[in-house]
Structure formats: C-alpha cells, structure tokens
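Engineer: Before I ask anything, here is the structure I am working with.
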Amino acid sequence: MTKKTDNKHAVKHHLHPFSDNAQLKKHGVRMMVKAKGIYVYDSEGNEIIDGMAGLWCVNIGYGQKKLAKIAEKQMEVLPFYNTFFKTTHPAVIRLSEKLVEITPRNFNHVFYTNSGSESVDTMIRMVRHYWSSVGHPNKKIIIGRWNGYHGSTLGGASLGGMKSMHEQGDLPIANIVHIDQPWYYGLADDNESEEEFGIRAANWLEEKILALGADKIAAFVGEPIQGAGGVIIPPTTYWPRIEEICKKYNILLVADEVICGYGRTGNWFGFETLGFTPDIFTTAKGLSSGYLPIGAVLVNDKVTEGLLAGGEFNHGFTYSGHPVAAAVAYENLNILDKKNIIEKVRTKTGPYLRKRWQETFSKFKYVADIRSEGLMCGFTLVKNRETRELFDDFGSTGLICRDIFFKNNLIFRACGDHMVAAPPLIISKKEIDNMLAIASACMREFEEMMDKKLKTDTDKAA
Ligand SMILES: *Cc1c(COP(=O)(O)O)cnc(C)c1O
C-alpha cells in the first residue's frame, strides 16, 4: 500500500514529534498530500477518513476556500505587525470582538498565543501574577490531573499528567501537583453510582487543597473532557462540585478548552456542556480549525481587574495576535456560527454518533466503557468485560488496534488502550455510517487477532 522507499526519504532530515525517530527511519511514514471535507489523501492515492480532525483541530473540515482567500488578502494588506508597543491592527480587533461575543458575559478579554501549549504557559504565569497583584504572592501552586494533557512546553507538560513526559527534561517544574482523573469505569468502587463517584473524584481536589493549604494554591486546571488522556468524560456531578470547591477555598478555576473549545462537544465551549463556569480558559486548535497556528486565553472580569492593577505583564510572543492567523480564525468562527455547525453537532450529528457508536462497538467482546459527547468519543479495550480486567502493558493493545484502522484507511487514535475519535464537525450522518462500517470491519479483524494472540499466550503459559 505505502511505497516505503519514498517515505524513508521523507524522514531523512526531520525529527518527528511524539515519535520514535529510529523506528520511523526504519519503516518510513505515510505522506499526506491533500484533503477535502473529512477526507485526507496520501501520496499513494488512498482516500482516508480522518476520524481525528487532524489532531482534534480541523473542526470546520478541510478545503474551506474562504479561509484561503482571507489569508491571501490579509498577507497582501498587512502580513505582520506586532501588538506589543502601543500598536494594533484591524484583524486582531475583529477577532477579539467575535470571541467576546461567543463567550459568556463576564469574559471580555483575550490574550493571544500561537498554540495550546503557549496558552497554557501564559495561563500559568497569568494566574500567579494575578495572585501577587491582588496581594496573595504565596498562592503559587497549580493543581492538574494525572492523565491530563496540557501541551509540550515546560509548563504545559508539567501541568499535564503524563508520566512519560515528566520523565524527559526534569519535570514537573516547581509548584505543580496532580490529583487523579474522574474515570468512572477505571476508578469507581464496586456498587458506586456515577453520580457518587463524580462527587468523590471532585473531593480529591478538596483533600489536596487541605493537605497543602489553601493560602498556597493558585488554581485548579482541567480539560472539561480529557482528550489525549482517552476521552475521559466525567460524571455530571463532577464539575459543579469542583466549581464549588474552588469558590470555597478562593482558588481560580481554569478550563483547558484546547480540544473541547469551538464546538467539539456541541456548544461553543466544553464548560457549557459540562455545567460550570471557569475564571480563565485556554484555547487553540479549533480556533482556526488548524488552518493557521493561533491560540487564545480568555480571561473573566474579576481576573482582568486584578491583572490591570498589577502593572506590566512581562509576557508575550512575537506572533501574539498575528494578523493572518487572526483573520483566518475570525472567518472560521464566523462560518461555524453562520452555518449553525455547532448547533447541528448538539442536536443532530452528536446524538446520532452516540447511538451508532454504542451499536457498533458493543458487539465486540474486548470493548468496554463506550462513551461520547458531541463529536468526541471513545471506548476502552479490555481483556475481560465482566471483571473489568485491562490488557497487560497498557497502551500496547491500543497500538495494535490503531494500526488496523490506519491500514484500512480510517484514522482513529489510541490513547493508551482507549480508542478515540473526534471527526470534523461538518461530518454528515451518512459519513458517520461509512466511518463506522469500516470501524466495524477493523474491529472484527482486531478481535480475531486478539483471540489468536491470547490463545498463544495461554498455550505458552501452560
Ligand atoms: C493539544 C492540547 C494542548 C497543546 O496544544 P499545542 O497546540 O499542541 O501546543 C493543550 N491542551 C490540550 C487540552 C490539548 O489537547
């Protein structure tokens, strides 16, 4: 299928992110050359369904000509100017107004970055600067969650709860701690209801606060639904209880909306779906549907007021509010808005995918915890559904499954042994059916393979 010789040449000079580059040099990579709608096409001419919207970001789908035109025009008129030294430009003003229009009423300010990681690092500095500006310089500790993902910069990787990332580069940085994730299937006690577990998981935050001292804690940060951790959807009781705890102990509540933001869960933002209101939230990915790199940190009035009292915020990026990225992001939001794309996710394609996702995967015996919210869905590969026993070496089975999908021209992702999908928001019901028909065939192949593998393992052990 893939011509390995060409594709080895492709990695000759490129160190790929999140990759074993020695393996890539041996086996080559798959080269994507164009895309349209929910499809990407590789250099061999295969049409591939992109069940992951790139990296959870191409919300609006591929091939939106309007965005290309806007970028071209903006490049001709004003390709770059900065927003550091008492200057601005029309594109960033327009985008800021649009963002304020689509966010809740008490969000009236935006800080621009170029990525999710930069948004998270900006938020970390902002939160700590806020507390010192309002007379609480000792409130520095930020609480994240195990298995959370907040990017790859020093701050983002520290706040994230990926142990494999902490192991490289001396992380976490100081004053970052973690609590456990609200994963009902994996962490609930026998006979505990989802609602009860949600409260108990939220109370882990209170326990951590009491252990460390509320006067030292600046913020709690979480993804409304954990994305790269495997689409972990918390019980409905979780976030309201978290919000209550943050208020009680005077701790800022931060949502990392880099995946959930801009329509993924059927509302503009994940916190609307999950039922809470943060003080700050970080975004990127869907802001421009990935057409250009741009991120934004949205700040509520209370935090803004504190920051304004604190004098100069010594922080920013050359490309903060880049005119071309800002113009494209504005048009992306405009299209999401005018074409009611998010409403369709909430009322039509989201519920349809949930039903079909359940039907499709409940047929397979190594599958458990089938879940979805909006166009973000997952299930977990398990050795035994009855006893909830996971496969050994968490993550290795996911990769086997992922590779079967990939070989069959369907992109899903393995996050450990959680299989996840997050297609472009413009996917139709018919395209959902096609996607799941392929997925079903892949799962049959996977099941046969695992049957054989487990049998060989038992034979060996006997
Ligand atoms: C992807 C992601 C990030 C990091 O974004 P980059 O643009 O890759 O730096 C941060 N937080 C969450 C929740 C993400 O999914």
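Residues in the structure tokens are named by chain (A, B, ... in the order shown) and by number from 1 within that chain; ligands are numbered from 1 in the order shown.
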Got a sec to check which residues lie within 10 Å of ligand 1, using only C-alpha atoms and all ligand atoms, and send them as a ChimeraX atom specification?

Structural biologist: /A:55-57,113-121,148-153,156-157,159-160,222-229,255-261,282-286,290,293-295

Engineer: For those residues, write C-alpha atoms to a file as a short mmCIF file (atom, residue, chain, number, x, y, z; two decimals), in the first residue's frame.

Structural biologist:
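Output contents, as saved in selection-v2.cif:
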data_model
loop_
_atom_site.label_atom_id
_atom_site.label_comp_id
_atom_site.auth_asym_id
_atom_site.auth_seq_id
_atom_site.Cartn_x
_atom_site.Cartn_y
_atom_site.Cartn_z
CA LEU A 55 -5.09 16.48 15.83
CA TRP A 56 -8.59 17.29 17.16
CA CYS A 57 -8.46 20.63 15.39
CA THR A 113 -0.67 32.89 21.61
CA ASN A 114 0.27 30.54 18.76
CA SER A 115 -0.64 27.19 20.27
CA GLY A 116 -2.33 25.34 23.07
CA SER A 117 0.94 24.88 24.94
CA GLU A 118 1.65 28.60 24.81
CA SER A 119 -1.88 29.30 26.01
CA VAL A 120 -1.29 27.01 28.99
CA ASP A 121 2.11 28.55 29.80
CA GLY A 148 -4.48 15.24 31.73
CA TYR A 149 -2.84 16.78 28.68
CA HIS A 150 -1.86 20.44 28.55
CA GLY A 151 0.83 20.53 25.86
CA SER A 152 4.55 20.04 25.47
CA THR A 153 6.23 23.19 26.74
CA GLY A 156 2.21 22.54 29.81
CA ALA A 157 3.99 19.20 30.14
CA LEU A 159 0.76 20.58 34.42
CA GLY A 160 -0.25 17.62 32.27
CA GLY A 222 -8.64 20.62 33.90
CA GLU A 223 -9.92 19.75 30.46
CA PRO A 224 -13.75 19.62 30.64
CA ILE A 225 -13.38 16.24 28.93
CA GLN A 226 -9.86 14.82 28.95
CA GLY A 227 -8.86 14.47 25.31
CA ALA A 228 -5.42 12.96 24.80
CA GLY A 229 -5.93 11.03 28.04
CA ALA A 255 -10.65 25.10 31.91
CA ASP A 256 -8.26 23.90 29.24
CA GLU A 257 -10.57 24.14 26.23
CA VAL A 258 -7.92 23.43 23.61
CA ILE A 259 -9.88 20.39 22.37
CA CYS A 260 -13.38 21.00 23.76
CA GLY A 261 -13.49 24.62 22.62
CA THR A 282 -7.16 28.32 27.36
CA THR A 283 -7.89 27.61 23.69
CA ALA A 284 -6.14 26.92 20.36
CA LYS A 285 -6.77 24.04 17.87
CA GLY A 286 -10.37 24.68 16.70
CA GLY A 290 -5.92 24.26 12.36
CA PRO A 293 -1.40 28.36 14.31
CA ILE A 294 -3.18 30.55 16.83
CA GLY A 295 -4.26 30.24 20.46
#

Engineer: If you run DSSP on the backbone, which residues of range 167-393 of chain A are helix (DSSP H, G or I), as an MDAnalysis selection string?

Structural biologist: chainID A and resid 184:187 194:212 214:216 238:248 270:274 285:287 301:309 323:338 341:361

Engineer: Determine the nearest neighbour of Pro323 in chain A from the options A:Lys455, A:Phe111, A:His9, A:Leu292, counting only C-alpha atoms.

Structural biologist: A:Leu292

Engineer: Kindly indicate which residue among A:Gly61, A:Gly213, A:Pro182, A:Gly155 lies nearest to Gly169 in chain A, using only C-alpha atoms for the distances.

Structural biologist: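 Closest residue, counting only C-alpha atoms: A:Gly155.
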
Engineer: Could you list, as an NGL selection string, every residue within 12 Å of Phe85 in chain A, counting only C-alpha atoms and ignoring same-chain residues fewer than 6 positions away?

Structural biologist: :A and (312 or 316 or 318)

Engineer: For those residues, write C-alpha atoms to a file as a PDB file, in the first residue's frame.

Structural biologist:
ATOM      1  CA  GLU A 312       3.047  45.471  33.152  1.00  0.00           C
ATOM      2  CA  GLY A 316       4.074  37.816  25.092  1.00  0.00           C
ATOM      3  CA  THR A 318       6.273  37.918  18.619  1.00  0.00           C
TER       4      THR A 318
END

Engineer: Could you tell me, as a VMD selection string, which residues of range 271-359 of chain A DSSP assigns to strand (DSSP E) when given the backbone?

Structural biologist: chain A and resid 280 to 283 295 to 300

Engineer: Pick out the residues sitting within 12 Å of Asp215 in chain A, and hand them over as an MDAnalysis selection string; count only C-alpha atoms, and ignore anything fewer than 5 positions along from it in its own chain.

Structural biologist: chainID A and resid 131 135:142 209:210 249:251

Engineer: Contacts of Asp170 in chain A at 10 Å or less, counting only C-alpha atoms, minus same-chain residues fewer than 3 places along, as a list in words?

Structural biologist: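 In the requested form, the answer reads Leu154, Ser158, Met165, His166, Glu167 and Ile173 of chain A.
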
Engineer: Residues near range 354-359 of chain A, anyone? I mean within 9 Å using only C-alpha atoms, not counting same-chain ones fewer than 4 positions away, as a count of residues only.

Structural biologist: 14

Engineer: Tell me, as a PyMOL selection string, which residues lie within 6 Å of Val299 in chain A, counting only C-alpha atoms; anything in the same chain fewer than 2 positions away does not count.

Structural biologist: chain A and resi 107+109+280

Engineer: Write the residues of the selection above to a file with N, CA and C atoms, as an mmCIF file, in the first residue's frame.

Structural biologist:
data_model
loop_
_atom_site.group_PDB
_atom_site.id
_atom_site.type_symbol
_atom_site.label_atom_id
_atom_site.label_comp_id
_atom_site.auth_asym_id
_atom_site.auth_seq_id
_atom_site.Cartn_x
_atom_site.Cartn_y
_atom_site.Cartn_z
ATOM 1 N N PHE A 107 -16.752 37.301 30.293
ATOM 2 C CA PHE A 107 -15.465 37.176 29.597
ATOM 3 C C PHE A 107 -15.353 38.284 28.554
ATOM 4 N N HIS A 109 -11.997 39.768 27.821
ATOM 5 C CA HIS A 109 -10.600 39.991 27.448
ATOM 6 C C HIS A 109 -9.906 38.721 26.947
ATOM 7 N N ILE A 280 -10.774 31.455 33.910
ATOM 8 C CA ILE A 280 -9.894 31.623 32.753
ATOM 9 C C ILE A 280 -10.060 30.371 31.910
#

Engineer: Which value, in Å to one decimal, gives the distance between CA of Gly230 in chain A and CA of Lys453 in chain A?

Structural biologist: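 Calculated distance between CA of Gly230 in chain A and CA of Lys453 in chain A is 24.2 Å.
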
Engineer: To one decimal place in Å, what is the distance between CA of Pro90 in chain A and CA of Tyr112 in chain A?

Structural biologist: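 If I compute the distance from CA of Pro90 in chain A to CA of Tyr112 in chain A, I get 14.6 Å.
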
Engineer: Go through A:Asn300, A:Asn267, A:Thr103, A:Thr456 and flag the residue nearest Thr347 in chain A, using only C-alpha atoms for the distances.

Structural biologist: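 Smallest distance to Thr347 in chain A is found for A:Asn267.
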
Engineer: Choose the residue, out of A:Thr83, A:Ser19, A:Ser428, A:Ser43, that has the smallest atom-to-atom separation from Lys348 in chain A; count only C-alpha atoms.

Structural biologist: A:Ser428

Engineer: Pick the closest to Leu454 in chain A from A:His418, A:Lys383, A:Arg388, A:Arg105: which is it, counting only C-alpha atoms?

Structural biologist: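 Among the listed residues, the smallest separation from Leu454 in chain A belongs to A:Lys383.
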